[in-house]
Amino acid sequence: MNSIVLASSNPGKIREIQAILQHDNILPQSQFNVAEPAETGSTFVENAIIKARNAAQHCQLPAIADDSGLVVDALQGAPGVISARYAGVGASDQANLEKLLLEMRGIPSPRRTARFICVMVYFRHAGDPTPIIAQGVWEGRILEAAVGDNGFGYDPVFWLESHQCSSAQLTPDIKNQLSHRGQALRILTQQLTGR
Ligand code: ITT
């Protein structure tokens with residue numbers, strides 16, 4: 001199998017995607033010095049396409065991109081596509097999470113529903129007119145304080161009713177079985193292999 005560029009610079013995502021795909025030919029774009037494109041889309045799918053096409057163009061290889069984020073009902077879908085920069089461009093995971101907790105202050109538990117979304121896009125080459133697109137959705141609830149050390153981003157405040165813990169308290173394996181990212185990658189793989 002030829003190399004595939006992984007159009008992400010987020011170490012948390014890269015770790016999860018490589019663990020799920022288990023191919024040593026999935027190479028992060030940092031290995032090719034790919035400049036990150038501006039994520040100018042207003043939807044996850046637009047931004048995933050921008051990132052995958054940019055990496056495929058730069059590397060002249062197939063490319064896969066993940067655009068993901070947290071959609072909170074009580075915040076009308078925020079932080080959504082700006083999840084990585086909710087507290088400002090270059091903000092840390094901790095700063096984004098603290099802003100979320102602040103915005104959610106006083107909102108009672110039944111109204112704290114939220115979901116992680118992940119859109120995965122695969123470009124066979126930069127000019128691919130029919131990229132493969134797959135979406136995963138993971139339902140949860142926003143906690144009032146962070147708990148757990150695993151994962152990244154908003155995991156410490158994402159409560160899972162089914163497991164009675166936050167997604168930062170899951171082992172990496174279990175998170176990958178349940179998560180928006182795991183779901184999207186499995187759908188993408190099925191479409192790629194025709195299975
Ligand atoms: P790349 O574009 O380089 O892949 P990014 O972090 O900028 O990295 P996104 O624009 O897709 O990527 O933003 C995703 C953000 O959504 C991420 O930074 C987290 O804050 C959040 N997020 C996505 N998946 C998550 C997960 O599994 N657990 C916790 N937070 C997650």
# chains A, B, ... in the order shown; residues from 1 in each chain; ligands from 1
$ residues_near_ligand --ligand "ligand 1" --cutoff "9 Å" --atoms "only C-alpha atoms and all ligand atoms" --output "PyMOL selection string"
chain A and resi 6-14+16+36-37+39+44+47-48+51+65-70+79-86+92-93+96-97+116-119+151-158+167-168+175-176+179-181
$ residues_around --residues "A:Ile132" --least-positions-apart "3" --cutoff "10 Å" --atoms "only C-alpha atoms" --output "JSON, numbers by chain"
{"A": [49, 64, 120, 121, 122, 123, 124, 128, 129, 187, 188, 189, 191, 192]}
$ write_last_selection --atoms "C-alpha atoms" --output "compact mmCIF listing (two decimals), in the first residue's frame"
# COMPACT_ATOMS: atom_id res chain seq x y z
CA ILE A 49 -11.87 18.98 2.23
CA ILE A 64 -6.79 11.92 4.66
CA MET A 120 -13.08 12.32 7.60
CA VAL A 121 -12.20 13.00 3.99
CA TYR A 122 -9.96 10.96 1.71
CA PHE A 123 -8.54 12.43 -1.51
CA ARG A 124 -7.01 9.89 -3.90
CA ASP A 128 -10.06 14.02 -6.97
CA PRO A 129 -13.64 15.04 -7.96
CA ILE A 187 -17.05 4.00 7.60
CA LEU A 188 -14.27 5.52 5.49
CA THR A 189 -12.28 2.28 5.51
CA GLN A 191 -15.90 2.60 1.51
CA LEU A 192 -12.22 2.50 0.54
$ select_by_dssp --residues "stretch 36-160 of chain A" --states "strand (DSSP E)" --output "PyMOL selection string"
chain A and resi 63-72+113-123+132-142+158-160
$ closest_residue --among "A:Arg105, A:His58, A:Arg115, A:His23" --to "A:Val71" --atoms "only C-alpha atoms"
A:Arg115
$ atom_distance --atom1 "atom CA of A:Phe32" --atom2 "atom CA of A:Gln57"
11.5 Å
$ residues_around --residues "stretch 107-111 of chain A" --least-positions-apart "3" --cutoff "9 Å" --atoms "only C-alpha atoms" --output "list in words"
Asp73, Ala74, Glu103, Met104, Arg141, Ile142, Leu143 and Glu144 of chain A
$ residues_around --residues "A:Ile20" --least-positions-apart "2" --cutoff "9 Å" --atoms "only C-alpha atoms" --output "tab-separated table (two decimals) with N, CA and C atoms, in the first residue's frame"
chain	number	residue	atom	x	y	z
A	15	ARG	N	-2.45	10.39	17.05
A	15	ARG	CA	-2.31	9.19	17.86
A	15	ARG	C	-3.52	8.27	17.67
A	16	GLU	N	-4.71	8.84	17.76
A	16	GLU	CA	-5.93	8.02	17.66
A	16	GLU	C	-6.09	7.44	16.26
A	17	ILE	N	-5.86	8.23	15.24
A	17	ILE	CA	-6.06	7.76	13.86
A	17	ILE	C	-5.06	6.65	13.54
A	18	GLN	N	-3.81	6.83	13.96
A	18	GLN	CA	-2.81	5.79	13.68
A	18	GLN	C	-3.14	4.50	14.43
A	22	GLN	N	-3.89	1.38	12.07
A	22	GLN	CA	-2.82	0.38	12.21
A	22	GLN	C	-2.07	0.08	10.91
A	23	HIS	N	-1.73	1.14	10.19
A	23	HIS	CA	-0.88	1.00	9.00
A	23	HIS	C	0.33	1.90	9.22
A	173	ASP	N	-8.18	2.57	23.84
A	173	ASP	CA	-8.87	1.55	23.04
A	173	ASP	C	-10.38	1.71	23.06
A	176	ASN	N	-11.54	4.78	21.18
A	176	ASN	CA	-11.53	4.58	19.72
A	176	ASN	C	-12.69	3.71	19.25
A	177	GLN	N	-13.14	2.80	20.11
A	177	GLN	CA	-14.29	1.96	19.73
A	177	GLN	C	-15.58	2.77	19.68
A	182	GLY	N	-13.52	7.22	15.65
A	182	GLY	CA	-13.52	5.78	15.36
A	182	GLY	C	-14.63	5.44	14.37
A	185	LEU	N	-13.81	6.79	10.84
A	185	LEU	CA	-12.72	6.05	10.19
A	185	LEU	C	-13.15	4.66	9.74
A	186	ARG	N	-14.01	4.03	10.52
A	186	ARG	CA	-14.48	2.70	10.10
A	186	ARG	C	-15.36	2.80	8.86
$ atom_distance --atom1 "atom CA of A:Ala35" --atom2 "atom CA of A:Cys59"
11.0 Å
$ closest_residue --among "A:Leu178, A:Leu170, A:Val147, A:Ile133" --to "A:Val45" --atoms "only C-alpha atoms"
A:Ile133
$ closest_residue --among "A:Ala19, A:Ala145, A:Ala63, A:Ala78" --to "A:Thr43" --atoms "only C-alpha atoms"
A:Ala78
$ select_by_dssp --residues "stretch 3-194 of chain A" --states "helix (DSSP H, G or I)" --output "count of residues only"
81
$ closest_residue --among "A:Gly140, A:Pro62, A:Gly41, A:Pro172" --to "A:Ile26" --atoms "only C-alpha atoms"
A:Pro62
$ decode --residues "stretch 141-154 of chain A" --atoms "all heavy atoms" --output "mmCIF file, in the first residue's frame"
data_model
loop_
_atom_site.group_PDB
_atom_site.id
_atom_site.type_symbol
_atom_site.label_atom_id
_atom_site.label_comp_id
_atom_site.auth_asym_id
_atom_site.auth_seq_id
_atom_site.Cartn_x
_atom_site.Cartn_y
_atom_site.Cartn_z
ATOM 1 N N ARG A 141 -22.762 14.727 27.323
ATOM 2 C CA ARG A 141 -23.280 15.848 28.114
ATOM 3 C C ARG A 141 -22.080 16.610 28.689
ATOM 4 O O ARG A 141 -21.066 15.986 29.009
ATOM 5 C CB ARG A 141 -24.112 15.240 29.248
ATOM 6 C CG ARG A 141 -25.130 16.131 29.878
ATOM 7 C CD ARG A 141 -25.915 15.335 30.907
ATOM 8 N NE ARG A 141 -26.899 14.454 30.303
ATOM 9 C CZ ARG A 141 -28.128 14.826 29.958
ATOM 10 N NH1 ARG A 141 -28.517 16.059 30.172
ATOM 11 N NH2 ARG A 141 -28.962 13.974 29.420
ATOM 12 N N ILE A 142 -22.186 17.906 28.811
ATOM 13 C CA ILE A 142 -21.050 18.699 29.312
ATOM 14 C C ILE A 142 -21.079 18.745 30.844
ATOM 15 O O ILE A 142 -22.066 19.182 31.444
ATOM 16 C CB ILE A 142 -21.073 20.138 28.734
ATOM 17 C CG1 ILE A 142 -21.084 20.102 27.195
ATOM 18 C CG2 ILE A 142 -19.866 20.934 29.249
ATOM 19 C CD1 ILE A 142 -19.935 19.342 26.554
ATOM 20 N N LEU A 143 -19.977 18.300 31.443
ATOM 21 C CA LEU A 143 -19.849 18.318 32.903
ATOM 22 C C LEU A 143 -19.664 19.746 33.412
ATOM 23 O O LEU A 143 -19.400 20.672 32.628
ATOM 24 C CB LEU A 143 -18.632 17.473 33.306
ATOM 25 C CG LEU A 143 -18.804 15.957 33.184
ATOM 26 C CD1 LEU A 143 -17.446 15.275 33.300
ATOM 27 C CD2 LEU A 143 -19.760 15.459 34.251
ATOM 28 N N GLU A 144 -19.757 19.904 34.741
ATOM 29 C CA GLU A 144 -19.537 21.241 35.316
ATOM 30 C C GLU A 144 -18.082 21.463 35.697
ATOM 31 O O GLU A 144 -17.659 22.582 35.975
ATOM 32 C CB GLU A 144 -20.463 21.433 36.518
ATOM 33 C CG GLU A 144 -21.888 21.654 36.032
ATOM 34 C CD GLU A 144 -22.909 21.714 37.133
ATOM 35 O OE1 GLU A 144 -22.521 21.950 38.293
ATOM 36 O OE2 GLU A 144 -24.095 21.526 36.808
ATOM 37 N N ALA A 145 -17.287 20.378 35.721
ATOM 38 C CA ALA A 145 -15.848 20.497 36.002
ATOM 39 C C ALA A 145 -15.129 19.358 35.285
ATOM 40 O O ALA A 145 -15.728 18.305 35.022
ATOM 41 C CB ALA A 145 -15.598 20.412 37.505
ATOM 42 N N ALA A 146 -13.863 19.585 34.994
ATOM 43 C CA ALA A 146 -13.083 18.585 34.248
ATOM 44 C C ALA A 146 -12.758 17.381 35.118
ATOM 45 O O ALA A 146 -12.487 17.519 36.308
ATOM 46 C CB ALA A 146 -11.786 19.230 33.759
ATOM 47 N N VAL A 147 -12.779 16.187 34.487
ATOM 48 C CA VAL A 147 -12.365 14.971 35.194
ATOM 49 C C VAL A 147 -11.701 14.000 34.207
ATOM 50 O O VAL A 147 -12.185 13.816 33.090
ATOM 51 C CB VAL A 147 -13.570 14.320 35.946
ATOM 52 C CG1 VAL A 147 -14.784 14.183 35.059
ATOM 53 C CG2 VAL A 147 -13.226 12.955 36.512
ATOM 54 N N GLY A 148 -10.547 13.429 34.616
ATOM 55 C CA GLY A 148 -9.842 12.455 33.778
ATOM 56 C C GLY A 148 -8.662 13.071 33.041
ATOM 57 O O GLY A 148 -8.638 14.278 32.789
ATOM 58 N N ASP A 149 -7.680 12.216 32.730
ATOM 59 C CA ASP A 149 -6.417 12.696 32.145
ATOM 60 C C ASP A 149 -6.138 12.146 30.751
ATOM 61 O O ASP A 149 -5.137 12.512 30.137
ATOM 62 C CB ASP A 149 -5.237 12.277 33.041
ATOM 63 C CG ASP A 149 -5.358 12.886 34.416
ATOM 64 O OD1 ASP A 149 -5.673 14.087 34.492
ATOM 65 O OD2 ASP A 149 -5.180 12.157 35.412
ATOM 66 N N ASN A 150 -6.958 11.225 30.258
ATOM 67 C CA ASN A 150 -6.677 10.648 28.929
ATOM 68 C C ASN A 150 -7.241 11.534 27.827
ATOM 69 O O ASN A 150 -7.951 12.498 28.086
ATOM 70 C CB ASN A 150 -7.281 9.240 28.830
ATOM 71 C CG ASN A 150 -6.632 8.288 29.809
ATOM 72 O OD1 ASN A 150 -5.511 8.530 30.246
ATOM 73 N ND2 ASN A 150 -7.327 7.215 30.159
ATOM 74 N N GLY A 151 -6.917 11.166 26.581
ATOM 75 C CA GLY A 151 -7.472 11.887 25.443
ATOM 76 C C GLY A 151 -6.862 13.271 25.292
ATOM 77 O O GLY A 151 -5.721 13.523 25.682
ATOM 78 N N PHE A 152 -7.664 14.203 24.775
ATOM 79 C CA PHE A 152 -7.192 15.570 24.532
ATOM 80 C C PHE A 152 -8.423 16.473 24.433
ATOM 81 O O PHE A 152 -9.562 16.017 24.594
ATOM 82 C CB PHE A 152 -6.334 15.623 23.255
ATOM 83 C CG PHE A 152 -7.116 15.321 21.989
ATOM 84 C CD1 PHE A 152 -7.615 16.353 21.187
ATOM 85 C CD2 PHE A 152 -7.357 14.011 21.604
ATOM 86 C CE1 PHE A 152 -8.333 16.074 20.029
ATOM 87 C CE2 PHE A 152 -8.090 13.729 20.450
ATOM 88 C CZ PHE A 152 -8.576 14.759 19.663
ATOM 89 N N GLY A 153 -8.177 17.739 24.165
ATOM 90 C CA GLY A 153 -9.275 18.685 23.899
ATOM 91 C C GLY A 153 -10.311 18.708 25.013
ATOM 92 O O GLY A 153 -9.989 18.861 26.196
ATOM 93 N N TYR A 154 -11.569 18.529 24.621
ATOM 94 C CA TYR A 154 -12.690 18.641 25.561
ATOM 95 C C TYR A 154 -13.019 17.324 26.258
ATOM 96 O O TYR A 154 -14.025 17.242 26.959
ATOM 97 C CB TYR A 154 -13.933 19.153 24.804
ATOM 98 C CG TYR A 154 -13.757 20.515 24.173
ATOM 99 C CD1 TYR A 154 -13.332 20.649 22.848
ATOM 100 C CD2 TYR A 154 -14.006 21.683 24.896
ATOM 101 C CE1 TYR A 154 -13.165 21.891 22.258
ATOM 102 C CE2 TYR A 154 -13.844 22.939 24.312
ATOM 103 C CZ TYR A 154 -13.418 23.030 22.994
ATOM 104 O OH TYR A 154 -13.255 24.269 22.437
#
